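Undergrad: coords.pdb (PDB, C-alpha atoms and all ligand atoms) pasted underneath:
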```
ATOM      1  CA  MET A   1     103.319 104.510  96.033
ATOM      2  CA  THR A   2     106.488 102.966  94.731
ATOM      3  CA  ASN A   3     107.149 106.173  92.889
ATOM      4  CA  ASN A   4     106.549 108.257  95.992
ATOM      5  CA  THR A   5     108.858 106.149  98.074
ATOM      6  CA  TYR A   6     111.518 106.389  95.410
ATOM      7  CA  THR A   7     111.107 110.162  95.227
ATOM      8  CA  GLU A   8     111.335 110.452  99.011
ATOM      9  CA  LEU A   9     114.455 108.332  99.116
ATOM     10  CA  SER A  10     116.254 110.173  96.359
ATOM     11  CA  HIS A  11     115.321 113.476  97.955
ATOM     12  CA  SER A  12     116.817 112.516 101.307
ATOM     13  CA  GLU A  13     119.946 111.205  99.597
ATOM     14  CA  ASP A  14     120.301 114.545  97.847
ATOM     15  CA  CYS A  15     120.023 116.342 101.188
ATOM     16  CA  GLU A  16     122.652 114.092 102.665
ATOM     17  CA  LYS A  17     124.953 114.764  99.772
ATOM     18  CA  HIS A  18     124.277 118.477 100.051
ATOM     19  CA  ALA A  19     125.232 118.511 103.724
ATOM     20  CA  ASN A  20     128.388 116.491 103.200
ATOM     21  CA  GLN A  21     129.764 117.813  99.940
ATOM     22  CA  PHE A  22     131.676 120.507 101.835
ATOM     23  CA  ILE A  23     133.531 118.159 104.134
ATOM     24  CA  GLN A  24     136.062 115.389 103.766
ATOM     25  CA  GLU A  25     138.612 113.810 106.041
ATOM     26  CA  PHE A  26     141.757 111.849 105.381
ATOM     27  CA  PRO A  27     144.457 110.064 107.404
ATOM     28  CA  LEU A  28     147.884 111.602 108.037
ATOM     29  CA  ARG A  29     151.085 109.796 107.090
ATOM     30  CA  ARG A  30     153.651 109.129 109.823
ATOM     31  CA  ALA A  31     157.365 109.405 109.115
ATOM     32  CA  GLU A  32     160.587 109.705 111.095
ATOM     33  CA  ILE A  33     162.769 112.708 110.299
ATOM     34  CA  GLY A  34     165.813 111.652 112.343
ATOM     35  CA  GLN A  35     166.787 111.573 116.041
ATOM     36  CA  GLY A  36     163.574 109.616 116.714
ATOM     37  CA  THR A  37     161.354 112.569 115.866
ATOM     38  CA  VAL A  38     158.046 111.339 114.483
ATOM     39  CA  ILE A  39     156.134 113.680 112.220
ATOM     40  CA  LYS A  40     152.563 113.400 111.033
ATOM     41  CA  ARG A  41     152.425 114.743 107.460
ATOM     42  CA  ALA A  42     149.107 116.202 106.342
ATOM     43  CA  LEU A  43     150.069 118.131 103.190
ATOM     44  CA  PRO A  44     150.617 117.479 100.428
ATOM     45  CA  SER A  45     148.364 114.422 100.392
ATOM     46  CA  ARG A  46     146.816 112.532  97.508
ATOM     47  CA  HIS A  47     143.527 113.495  99.151
ATOM     48  CA  LYS A  48     144.343 117.202  99.277
ATOM     49  CA  ARG A  49     147.330 118.991  97.726
ATOM     50  CA  MET A  50     146.918 122.450  99.272
ATOM     51  CA  ILE A  51     144.688 124.544 101.524
ATOM     52  CA  GLY A  52     144.858 127.991  99.950
ATOM     53  CA  ALA A  53     148.597 128.638  99.572
ATOM     54  CA  TRP A  54     149.431 126.254 102.463
ATOM     55  CA  CYS A  55     151.252 123.524 100.516
ATOM     56  CA  PHE A  56     153.124 121.566 103.170
ATOM     57  CA  LEU A  57     152.132 120.682 106.724
ATOM     58  CA  ASP A  58     154.049 118.571 109.221
ATOM     59  CA  HIS A  59     153.019 118.088 112.844
ATOM     60  CA  ALA A  60     156.400 117.389 114.515
ATOM     61  CA  GLY A  61     156.416 115.707 117.929
ATOM     62  CA  PRO A  62     155.647 115.990 120.750
ATOM     63  CA  VAL A  63     158.940 114.253 121.459
ATOM     64  CA  THR A  64     161.291 114.109 124.464
ATOM     65  CA  PHE A  65     164.989 113.367 123.953
ATOM     66  CA  GLU A  66     168.299 113.481 125.802
ATOM     67  CA  ALA A  67     170.038 116.864 125.863
ATOM     68  CA  GLY A  68     172.301 117.080 122.812
ATOM     69  CA  GLN A  69     170.225 114.535 120.858
ATOM     70  CA  GLY A  70     167.742 116.987 119.348
ATOM     71  CA  LEU A  71     167.107 117.825 115.721
ATOM     72  CA  ASP A  72     170.085 119.050 113.688
ATOM     73  CA  VAL A  73     169.114 119.888 110.106
ATOM     74  CA  GLY A  74     172.142 121.100 108.127
ATOM     75  CA  PRO A  75     172.172 123.780 105.422
ATOM     76  CA  HIS A  76     169.567 123.201 102.721
ATOM     77  CA  PRO A  77     167.987 125.465 100.101
ATOM     78  CA  HIS A  78     164.449 126.691  99.419
ATOM     79  CA  ILE A  79     162.828 128.572  96.534
ATOM     80  CA  GLY A  80     159.325 129.832  95.729
ATOM     81  CA  LEU A  81     157.842 129.495  99.217
ATOM     82  CA  GLN A  82     157.743 130.763 102.788
ATOM     83  CA  THR A  83     158.538 128.376 105.638
ATOM     84  CA  PHE A  84     156.377 128.896 108.699
ATOM     85  CA  THR A  85     157.094 127.436 112.150
ATOM     86  CA  TRP A  86     154.615 127.532 115.064
ATOM     87  CA  MET A  87     156.361 126.366 118.213
ATOM     88  CA  ILE A  88     154.241 124.635 120.857
ATOM     89  CA  GLU A  89     156.873 123.151 123.159
ATOM     90  CA  GLY A  90     160.684 123.236 123.210
ATOM     91  CA  THR A  91     162.999 125.610 121.369
ATOM     92  CA  MET A  92     164.991 125.670 118.129
ATOM     93  CA  LEU A  93     167.822 127.748 116.664
ATOM     94  CA  HIS A  94     167.490 129.127 113.140
ATOM     95  CA  SER A  95     170.404 130.381 111.021
ATOM     96  CA  ASP A  96     170.292 131.362 107.343
ATOM     97  CA  SER A  97     172.261 132.648 104.376
ATOM     98  CA  LEU A  98     171.028 136.216 104.979
ATOM     99  CA  GLY A  99     173.197 136.346 108.099
ATOM    100  CA  THR A 100     170.587 135.425 110.704
ATOM    101  CA  THR A 101     172.556 133.450 113.306
ATOM    102  CA  ASP A 102     171.073 131.248 116.021
ATOM    103  CA  GLN A 103     167.683 132.983 116.235
ATOM    104  CA  LEU A 104     165.926 131.208 119.120
ATOM    105  CA  ILE A 105     162.269 130.314 118.649
ATOM    106  CA  GLN A 106     160.291 129.579 121.838
ATOM    107  CA  PRO A 107     156.766 128.305 122.497
ATOM    108  CA  LYS A 108     153.985 130.626 121.229
ATOM    109  CA  GLN A 109     156.358 132.177 118.689
ATOM    110  CA  VAL A 110     156.473 132.088 114.887
ATOM    111  CA  ASN A 111     159.385 131.997 112.447
ATOM    112  CA  LEU A 112     158.627 133.015 108.865
ATOM    113  CA  MET A 113     161.330 132.559 106.256
ATOM    114  CA  THR A 114     160.647 133.880 102.770
ATOM    115  CA  ALA A 115     162.711 131.912 100.269
ATOM    116  CA  GLY A 116     161.657 133.887  97.184
ATOM    117  CA  ARG A 117     164.360 133.374  94.539
ATOM    118  CA  GLY A 118     166.630 131.491  96.945
ATOM    119  CA  ILE A 119     167.842 131.058 100.515
ATOM    120  CA  SER A 120     169.454 128.351 102.635
ATOM    121  CA  HIS A 121     169.035 127.690 106.346
ATOM    122  CA  THR A 122     169.736 125.380 109.287
ATOM    123  CA  GLU A 123     167.538 124.290 112.192
ATOM    124  CA  VAL A 124     169.235 122.973 115.305
ATOM    125  CA  ALA A 125     167.939 122.153 118.780
ATOM    126  CA  PRO A 126     169.879 124.014 121.508
ATOM    127  CA  ALA A 127     172.400 121.782 123.343
ATOM    128  CA  ASN A 128     170.359 121.772 126.575
ATOM    129  CA  GLU A 129     166.942 121.231 124.907
ATOM    130  CA  THR A 130     165.016 118.013 125.617
ATOM    131  CA  LYS A 131     161.605 118.652 124.013
ATOM    132  CA  MET A 132     160.106 119.507 120.654
ATOM    133  CA  HIS A 133     156.548 120.037 119.515
ATOM    134  CA  ALA A 134     155.810 122.225 116.498
ATOM    135  CA  ALA A 135     153.754 122.696 113.378
ATOM    136  CA  GLN A 136     155.941 123.218 110.316
ATOM    137  CA  LEU A 137     154.327 124.591 107.206
ATOM    138  CA  TRP A 138     155.184 125.945 103.784
ATOM    139  CA  ILE A 139     153.278 128.682 102.013
ATOM    140  CA  ALA A 140     153.509 128.727  98.193
ATOM    141  CA  LEU A 141     154.307 132.170  96.793
ATOM    142  CA  PRO A 142     151.931 133.391  94.062
ATOM    143  CA  ASP A 143     153.118 133.561  90.422
ATOM    144  CA  ASP A 144     154.101 137.245  90.557
ATOM    145  CA  LYS A 145     156.042 136.835  93.851
ATOM    146  CA  LEU A 146     157.959 133.642  93.088
ATOM    147  CA  THR A 147     161.318 135.393  92.775
ATOM    148  CA  ILE A 148     161.002 138.122  95.446
ATOM    149  CA  ASP A 149     163.914 138.877  97.776
ATOM    150  CA  PRO A 150     164.538 136.310 100.476
ATOM    151  CA  ALA A 151     163.789 137.444 104.047
ATOM    152  CA  PHE A 152     163.560 136.141 107.592
ATOM    153  CA  ASN A 153     161.143 137.325 110.285
ATOM    154  CA  HIS A 154     160.850 136.189 113.878
ATOM    155  CA  TYR A 155     157.538 137.001 115.584
ATOM    156  CA  PRO A 156     157.963 136.808 119.383
ATOM    157  CA  GLU A 157     154.279 137.440 120.095
ATOM    158  CA  LEU A 158     151.029 136.716 118.246
ATOM    159  CA  PRO A 159     147.643 138.251 119.040
ATOM    160  CA  VAL A 160     145.299 136.182 121.237
ATOM    161  CA  VAL A 161     141.488 136.394 121.520
ATOM    162  CA  ASN A 162     139.513 134.561 124.222
ATOM    163  CA  GLN A 163     135.965 133.671 123.251
ATOM    164  CA  SER A 164     133.541 130.782 123.945
ATOM    165  CA  GLY A 165     136.109 129.110 126.224
ATOM    166  CA  ILE A 166     138.626 128.983 123.371
ATOM    167  CA  GLU A 167     141.970 130.750 123.243
ATOM    168  CA  PHE A 168     142.437 131.799 119.605
ATOM    169  CA  THR A 169     145.993 132.726 118.603
ATOM    170  CA  VAL A 170     145.874 134.431 115.213
ATOM    171  CA  LEU A 171     148.979 133.180 113.415
ATOM    172  CA  VAL A 172     148.306 134.354 109.860
ATOM    173  CA  GLY A 173     145.626 136.605 108.366
ATOM    174  CA  GLU A 174     142.596 138.019 110.158
ATOM    175  CA  TYR A 175     140.176 136.214 112.479
ATOM    176  CA  LEU A 176     137.615 137.532 115.003
ATOM    177  CA  ASN A 177     138.593 141.106 114.031
ATOM    178  CA  THR A 178     142.190 140.401 114.974
ATOM    179  CA  VAL A 179     145.063 140.664 112.507
ATOM    180  CA  SER A 180     148.322 138.725 112.656
ATOM    181  CA  PRO A 181     151.531 140.678 111.978
ATOM    182  CA  VAL A 182     152.877 137.766 109.890
ATOM    183  CA  LYS A 183     153.394 138.947 106.307
ATOM    184  CA  VAL A 184     152.118 136.636 103.582
ATOM    185  CA  HIS A 185     151.279 137.243  99.916
ATOM    186  CA  THR A 186     147.844 135.630  99.415
ATOM    187  CA  GLU A 187     144.502 135.546 101.249
ATOM    188  CA  LEU A 188     145.434 133.097 103.996
ATOM    189  CA  LEU A 189     144.459 132.116 107.526
ATOM    190  CA  GLY A 190     146.194 130.257 110.332
ATOM    191  CA  VAL A 191     144.712 130.066 113.851
ATOM    192  CA  ASP A 192     145.665 127.983 116.906
ATOM    193  CA  LEU A 193     142.572 127.072 118.985
ATOM    194  CA  PHE A 194     143.157 125.848 122.536
ATOM    195  CA  ALA A 195     140.501 124.826 125.070
ATOM    196  CA  GLN A 196     141.352 123.922 128.655
ATOM    197  CA  ALA A 197     137.803 122.714 129.378
ATOM    198  CA  ALA A 198     135.668 121.076 126.698
ATOM    199  CA  THR A 199     133.633 123.616 124.779
ATOM    200  CA  LYS A 200     131.334 123.996 121.781
ATOM    201  CA  ALA A 201     131.311 126.969 119.446
ATOM    202  CA  ARG A 202     129.996 128.136 116.103
ATOM    203  CA  LEU A 203     132.916 129.730 114.290
ATOM    204  CA  PRO A 204     132.583 132.171 111.392
ATOM    205  CA  LEU A 205     134.101 131.203 108.035
ATOM    206  CA  ASN A 206     134.831 133.083 104.830
ATOM    207  CA  PRO A 207     132.796 131.351 102.083
ATOM    208  CA  LYS A 208     135.598 132.093  99.590
ATOM    209  CA  PHE A 209     138.071 130.033 101.637
ATOM    210  CA  GLU A 210     138.740 126.322 101.850
ATOM    211  CA  TYR A 211     139.740 125.141 105.345
ATOM    212  CA  GLY A 212     141.651 122.389 107.069
ATOM    213  CA  PHE A 213     141.605 121.328 110.744
ATOM    214  CA  MET A 214     144.403 119.402 112.426
ATOM    215  CA  ALA A 215     144.581 118.341 116.096
ATOM    216  CA  LEU A 216     147.909 119.354 117.647
ATOM    217  CA  GLU A 217     146.868 118.007 121.059
ATOM    218  CA  GLY A 218     143.830 115.971 122.087
ATOM    219  CA  THR A 219     140.665 115.654 120.040
ATOM    220  CA  ALA A 220     137.801 117.693 118.609
ATOM    221  CA  THR A 221     134.673 117.404 116.500
ATOM    222  CA  ILE A 222     134.302 119.488 113.338
ATOM    223  CA  ASN A 223     130.769 119.647 111.919
ATOM    224  CA  GLY A 224     130.215 116.256 113.533
ATOM    225  CA  HIS A 225     133.455 114.723 112.201
ATOM    226  CA  HIS A 226     135.919 113.293 114.699
ATOM    227  CA  LEU A 227     139.357 114.934 114.644
ATOM    228  CA  ASP A 228     142.443 113.505 116.319
ATOM    229  CA  GLU A 229     146.199 113.525 115.750
ATOM    230  CA  ASP A 230     145.925 111.027 112.910
ATOM    231  CA  ASN A 231     143.498 112.700 110.533
ATOM    232  CA  MET A 232     142.687 115.996 108.928
ATOM    233  CA  VAL A 233     139.231 117.443 108.286
ATOM    234  CA  ILE A 234     138.764 119.613 105.188
ATOM    235  CA  LEU A 235     135.951 122.060 104.463
ATOM    236  CA  GLU A 236     135.416 123.141 100.855
ATOM    237  CA  PRO A 237     134.556 126.782 100.040
ATOM    238  CA  GLY A 238     130.956 127.924 100.399
ATOM    239  CA  LEU A 239     130.397 127.704 104.168
ATOM    240  CA  GLU A 240     129.673 130.684 106.426
ATOM    241  CA  TYR A 241     130.296 128.931 109.715
ATOM    242  CA  VAL A 242     131.393 125.640 111.262
ATOM    243  CA  GLU A 243     130.302 123.923 114.481
ATOM    244  CA  VAL A 244     133.275 122.823 116.551
ATOM    245  CA  GLU A 245     133.601 120.941 119.815
ATOM    246  CA  ILE A 246     137.054 121.136 121.300
ATOM    247  CA  HIS A 247     137.615 118.564 124.020
ATOM    248  CA  ASP A 248     139.449 119.319 127.262
ATOM    249  CA  ASN A 249     143.109 120.279 126.996
ATOM    250  CA  SER A 250     142.911 120.055 123.224
ATOM    251  CA  ARG A 251     144.605 122.199 120.612
ATOM    252  CA  VAL A 252     143.454 122.500 117.012
ATOM    253  CA  LEU A 253     145.215 124.190 114.100
ATOM    254  CA  LEU A 254     142.815 125.882 111.685
ATOM    255  CA  LEU A 255     144.186 126.687 108.235
ATOM    256  CA  GLY A 256     142.328 128.461 105.458
ATOM    257  CA  GLY A 257     142.767 130.315 102.224
ATOM    258  CA  GLU A 258     141.404 131.114  98.814
ATOM    259  CA  PRO A 259     142.021 128.118  96.555
ATOM    260  CA  PHE A 260     145.466 128.713  95.019
ATOM    261  CA  GLU A 261     145.598 130.395  91.601
ATOM    262  CA  SER A 262     147.795 127.899  89.772
ATOM    263  CA  PRO A 263     149.063 124.336  90.040
ATOM    264  CA  ILE A 264     152.441 124.213  91.754
ATOM    265  CA  LEU A 265     155.361 121.871  91.371
ATOM    266  CA  LEU A 266     156.759 120.794  94.742
ATOM    267  CA  TRP A 267     159.996 118.814  94.766
ATOM    268  CA  TRP A 268     162.360 118.399  97.742
ATOM    269  CA  ASN A 269     162.602 121.898  99.279
ATOM    270  CA  PHE A 270     161.570 123.748  96.146
ATOM    271  CA  VAL A 271     158.261 125.150  94.944
ATOM    272  CA  GLY A 272     158.051 126.240  91.313
ATOM    273  CA  ARG A 273     155.867 126.075  88.246
ATOM    274  CA  THR A 274     158.099 124.264  85.750
ATOM    275  CA  GLN A 275     160.439 121.287  85.878
ATOM    276  CA  GLU A 276     163.170 123.483  84.369
ATOM    277  CA  GLU A 277     163.056 125.922  87.337
ATOM    278  CA  ILE A 278     163.378 123.019  89.770
ATOM    279  CA  LYS A 279     166.191 121.392  87.832
ATOM    280  CA  ILE A 280     168.151 124.668  87.649
ATOM    281  CA  ALA A 281     167.734 125.242  91.403
ATOM    282  CA  ARG A 282     168.976 121.700  92.119
ATOM    283  CA  ASP A 283     172.020 122.137  89.843
ATOM    284  CA  GLN A 284     172.827 125.501  91.468
ATOM    285  CA  TRP A 285     172.604 124.033  94.975
ATOM    286  CA  ILE A 286     174.984 121.225  93.975
ATOM    287  CA  ALA A 287     177.363 123.760  92.369
ATOM    288  CA  GLU A 288     177.265 125.933  95.537
ATOM    289  CA  ASP A 289     176.001 128.820  93.426
ATOM    290  CA  PRO A 290     175.782 132.171  95.311
ATOM    291  CA  ARG A 291     172.002 132.063  94.742
ATOM    292  CA  PHE A 292     171.699 130.090  97.989
ATOM    293  CA  GLY A 293     174.499 131.823  99.922
ATOM    294  CA  SER A 294     176.199 130.062 102.815
ATOM    295  CA  ILE A 295     175.968 129.709 106.599
ATOM    296  CA  PRO A 296     179.565 130.007 107.885
ATOM    297  CA  SER A 297     178.514 129.568 111.544
ATOM    298  CA  TYR A 298     177.253 126.012 110.924
ATOM    299  CA  GLN A 299     179.839 123.309 111.602
ATOM    300  CA  GLY A 300     178.350 120.353 109.710
ATOM    301  CA  GLU A 301     177.663 119.291 106.149
ATOM    302  CA  ARG A 302     175.197 120.737 103.648
ATOM    303  CA  LEU A 303     172.265 118.468 102.796
ATOM    304  CA  LYS A 304     172.603 116.671  99.459
ATOM    305  CA  ALA A 305     169.944 117.170  96.817
ATOM    306  CA  PRO A 306     168.152 113.915  96.038
ATOM    307  CA  ILE A 307     168.151 112.439  92.530
ATOM    308  CA  LEU A 308     165.458 113.890  90.294
ATOM    309  CA  PRO A 309     162.617 111.502  89.494
ATOM    310  CA  ASP A 310     162.727 109.991  85.981
ATOM    311  CA  SER A 311     159.898 112.247  84.880
ATOM    312  CA  MET A 312     162.041 115.327  85.578
ATOM    313  CA  ARG A 313     165.345 114.148  84.076
ATOM    314  CA  PRO A 314     166.198 115.324  80.567
ATOM    315  CA  SER A 315     165.588 112.538  78.037
ATOM    316  CA  LYS A 316     168.718 111.215  76.301
TER     317      LYS A 316
HETATM  318 MN    MN A 401     163.897 124.086 105.519
END
```
How would this structure read if it were set down as structure tokens?

TA:
Amino acid sequence: MTNNTYTELSHSEDCEKHANQFIQEFPLRRAEIGQGTVIKRALPSRHKRMIGAWCFLDHAGPVTFEAGQGLDVGPHPHIGLQTFTWMIEGTMLHSDSLGTTDQLIQPKQVNLMTAGRGISHTEVAPANETKMHAAQLWIALPDDKLTIDPAFNHYPELPVVNQSGIEFTVLVGEYLNTVSPVKVHTELLGVDLFAQAATKARLPLNPKFEYGFMALEGTATINGHHLDEDNMVILEPGLEYVEVEIHDNSRVLLLGGEPFESPILLWWNFVGRTQEEIKIARDQWIAEDPRFGSIPSYQGERLKAPILPDSMRPSK
């Protein structure tokens, strides 16, 4: 009898563990990035470094400000990654060292900047803008693409699928037989899910992918786990579908990808593999090396590289 009870108990615990081993959630960190703009930072986190090649994820805003008081991020460099902006509300002007000048990004549009071996850019709110709400992400480039040519692409329109009361905008990769035009270099997914009225749906997953869910507006439930603007829900690879409930007027960002091939080093605006690569990039930025070009149209100062952490400074 005692034995049986024990067996029963351990069996049910195993089942519980089996059902939950694919899911975890963690809180987002809040930070201010200037001009009163609050961001919720999901990646990297000590709980989860990356989702596929997605290696950085900020939920910026929503914020309202006086005209002329919007974000103004001066020239700064990137290497080894793609920056990805999904605009929800407000507009922003992008300029870069490739000669792109004041490219306007509007709601429902994507900017993709491929840093490759090196680029610099600025992001400035237009003078008459009073709102900003965006998801800002970085995509790590795979080992054999780390030093590709820099590029900038503006995508004015992304494909939309309406199903189960959800508006799916396919930002990156393929979902529901719909392919995004955004060019990335690994197996990756990014989808914006919006529901005006509360709805439940079973969504297909690729068992090879790990996934992350972030609420950009409102709340949702992911396989029974509450999701709001202060947490992230992660699904480990191995699942074929997920049960979601999206509450009314709620927007959820779904990210996915094959677990990334190699550990990355992320410091300041750089993604690399070795400390030496990062240190060289920092020195070249400080020396105004042509690697990062220049943005003559921008009237302010370049951003200063922070001091390297002790662990990355050469020993004396
Ligand atoms: Mn940047």

Undergrad: Any chance you could work out the residue set of the PyMOL selection byres (((chain A and resi 62) around 12) and not hetatm) here, as a ChimeraX atom specification?

TA: /A:36-40,58-61,63-65,87-90,130-135,216-218,229

Undergrad: Based on the selection just made, write C-alpha atoms of those residues as a compact mmCIF listing (two decimals), keeping the file's coordinate frame.

TA:
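Ended up saving to selection_12.txt:
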```txt
# COMPACT_ATOMS: atom_id res chain seq x y z
CA GLY A 36 163.57 109.62 116.71
CA THR A 37 161.35 112.57 115.87
CA VAL A 38 158.05 111.34 114.48
CA ILE A 39 156.13 113.68 112.22
CA LYS A 40 152.56 113.40 111.03
CA ASP A 58 154.05 118.57 109.22
CA HIS A 59 153.02 118.09 112.84
CA ALA A 60 156.40 117.39 114.52
CA GLY A 61 156.42 115.71 117.93
CA VAL A 63 158.94 114.25 121.46
CA THR A 64 161.29 114.11 124.46
CA PHE A 65 164.99 113.37 123.95
CA MET A 87 156.36 126.37 118.21
CA ILE A 88 154.24 124.64 120.86
CA GLU A 89 156.87 123.15 123.16
CA GLY A 90 160.68 123.24 123.21
CA THR A 130 165.02 118.01 125.62
CA LYS A 131 161.60 118.65 124.01
CA MET A 132 160.11 119.51 120.65
CA HIS A 133 156.55 120.04 119.52
CA ALA A 134 155.81 122.22 116.50
CA ALA A 135 153.75 122.70 113.38
CA LEU A 216 147.91 119.35 117.65
CA GLU A 217 146.87 118.01 121.06
CA GLY A 218 143.83 115.97 122.09
CA GLU A 229 146.20 113.52 115.75
```

Undergrad: Take the PyMOL selection byres (((chain A and resi 104) around 8) and not hetatm), run it mentally on this structure, and tell me the resulting residues as a list in words.

TA: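 Here the PyMOL selection byres (((chain A and resi 104) around 8) and not hetatm) matches Thr91, Met92, Leu93, His94, Asp102, Gln103, Ile105 and Gln106 of chain A.
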
Undergrad: Kindly save the residues from that selection, with C-alpha atoms included, as an mmCIF file, keeping the file's coordinate frame.

TA:
```cif
data_model
loop_
_atom_site.group_PDB
_atom_site.id
_atom_site.type_symbol
_atom_site.label_atom_id
_atom_site.label_comp_id
_atom_site.auth_asym_id
_atom_site.auth_seq_id
_atom_site.Cartn_x
_atom_site.Cartn_y
_atom_site.Cartn_z
ATOM 1 C CA THR A 91 162.999 125.610 121.369
ATOM 2 C CA MET A 92 164.991 125.670 118.129
ATOM 3 C CA LEU A 93 167.822 127.748 116.664
ATOM 4 C CA HIS A 94 167.490 129.127 113.140
ATOM 5 C CA ASP A 102 171.073 131.248 116.021
ATOM 6 C CA GLN A 103 167.683 132.983 116.235
ATOM 7 C CA ILE A 105 162.269 130.314 118.649
ATOM 8 C CA GLN A 106 160.291 129.579 121.838
#
```

Undergrad: All residues within 12 Å of ligand MN 401 (chain A) are required, counting all atoms listed in the file; please report them as an mmCIF file with C-alpha atoms, in the coordinates of the input.

TA:
```
data_model
loop_
_atom_site.group_PDB
_atom_site.id
_atom_site.type_symbol
_atom_site.label_atom_id
_atom_site.label_comp_id
_atom_site.auth_asym_id
_atom_site.auth_seq_id
_atom_site.Cartn_x
_atom_site.Cartn_y
_atom_site.Cartn_z
ATOM 1 C CA PHE A 56 153.124 121.566 103.170
ATOM 2 C CA ASP A 58 154.049 118.571 109.221
ATOM 3 C CA ASP A 72 170.085 119.050 113.688
ATOM 4 C CA VAL A 73 169.114 119.888 110.106
ATOM 5 C CA GLY A 74 172.142 121.100 108.127
ATOM 6 C CA PRO A 75 172.172 123.780 105.422
ATOM 7 C CA HIS A 76 169.567 123.201 102.721
ATOM 8 C CA PRO A 77 167.987 125.465 100.101
ATOM 9 C CA HIS A 78 164.449 126.691 99.419
ATOM 10 C CA ILE A 79 162.828 128.572 96.534
ATOM 11 C CA LEU A 81 157.842 129.495 99.217
ATOM 12 C CA GLN A 82 157.743 130.763 102.788
ATOM 13 C CA THR A 83 158.538 128.376 105.638
ATOM 14 C CA PHE A 84 156.377 128.896 108.699
ATOM 15 C CA THR A 85 157.094 127.436 112.150
ATOM 16 C CA HIS A 94 167.490 129.127 113.140
ATOM 17 C CA SER A 95 170.404 130.381 111.021
ATOM 18 C CA ASP A 96 170.292 131.362 107.343
ATOM 19 C CA ASN A 111 159.385 131.997 112.447
ATOM 20 C CA LEU A 112 158.627 133.015 108.865
ATOM 21 C CA MET A 113 161.330 132.559 106.256
ATOM 22 C CA THR A 114 160.647 133.880 102.770
ATOM 23 C CA ALA A 115 162.711 131.912 100.269
ATOM 24 C CA GLY A 118 166.630 131.491 96.945
ATOM 25 C CA ILE A 119 167.842 131.058 100.515
ATOM 26 C CA SER A 120 169.454 128.351 102.635
ATOM 27 C CA HIS A 121 169.035 127.690 106.346
ATOM 28 C CA THR A 122 169.736 125.380 109.287
ATOM 29 C CA GLU A 123 167.538 124.290 112.192
ATOM 30 C CA VAL A 124 169.235 122.973 115.305
ATOM 31 C CA GLN A 136 155.941 123.218 110.316
ATOM 32 C CA LEU A 137 154.327 124.591 107.206
ATOM 33 C CA TRP A 138 155.184 125.945 103.784
ATOM 34 C CA TRP A 268 162.360 118.399 97.742
ATOM 35 C CA ASN A 269 162.602 121.898 99.279
ATOM 36 C CA PHE A 270 161.570 123.748 96.146
ATOM 37 C CA ARG A 302 175.197 120.737 103.648
ATOM 38 C CA LEU A 303 172.265 118.468 102.796
#
```

Undergrad: What separation in Å, quoted to one decimal, exists between atom CA of A:Pro107 and atom CA of A:Glu167?

TA: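 Atom CA of A:Glu167 lies at a distance of 15.0 Å from atom CA of A:Pro107.
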
Undergrad: For A:His247, which of A:Ile139, A:Leu188, A:Leu227, A:Ile51 is the closest residue, counting all atoms listed in the file?

TA: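 Among the listed residues, A:Leu227 lies closest to A:His247.
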
Undergrad: Just the residues within 7 Å of A:Lys208, please, counting only C-alpha atoms, with nothing from its chain fewer than 4 positions along; format it as a PyMOL selection string.

TA: chain A and resi 237-238+258

Undergrad: Let me make sure I understand: among A:Leu265, A:Ala140, A:Gly256, A:Tyr298, which one has the smallest atom-to-atom distance to A:Glu277 if we use all atoms listed in the file?

TA: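 Of all the options, A:Leu265 lies closest to A:Glu277.
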
Undergrad: Please provide the set of residues having any atom within 7 Å of A:Pro27, restricted to all atoms listed in the file, with same-chain residues fewer than 3 positions apart removed, written as a CSV table (one decimal) with C-alpha atoms, keeping the file's coordinate frame.

TA:
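Written file, out_33.csv:
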```
chain,number,residue,atom,x,y,z
A,230,ASP,CA,145.9,111.0,112.9
A,231,ASN,CA,143.5,112.7,110.5
A,232,MET,CA,142.7,116.0,108.9
```

Undergrad: Find the residues around A:Gln196 up to 9 Å (all atoms listed in the file counted), leave out those fewer than 5 positions away in its own chain, and share them as a PyMOL selection string.

TA: chain A and resi 165-167+246-251
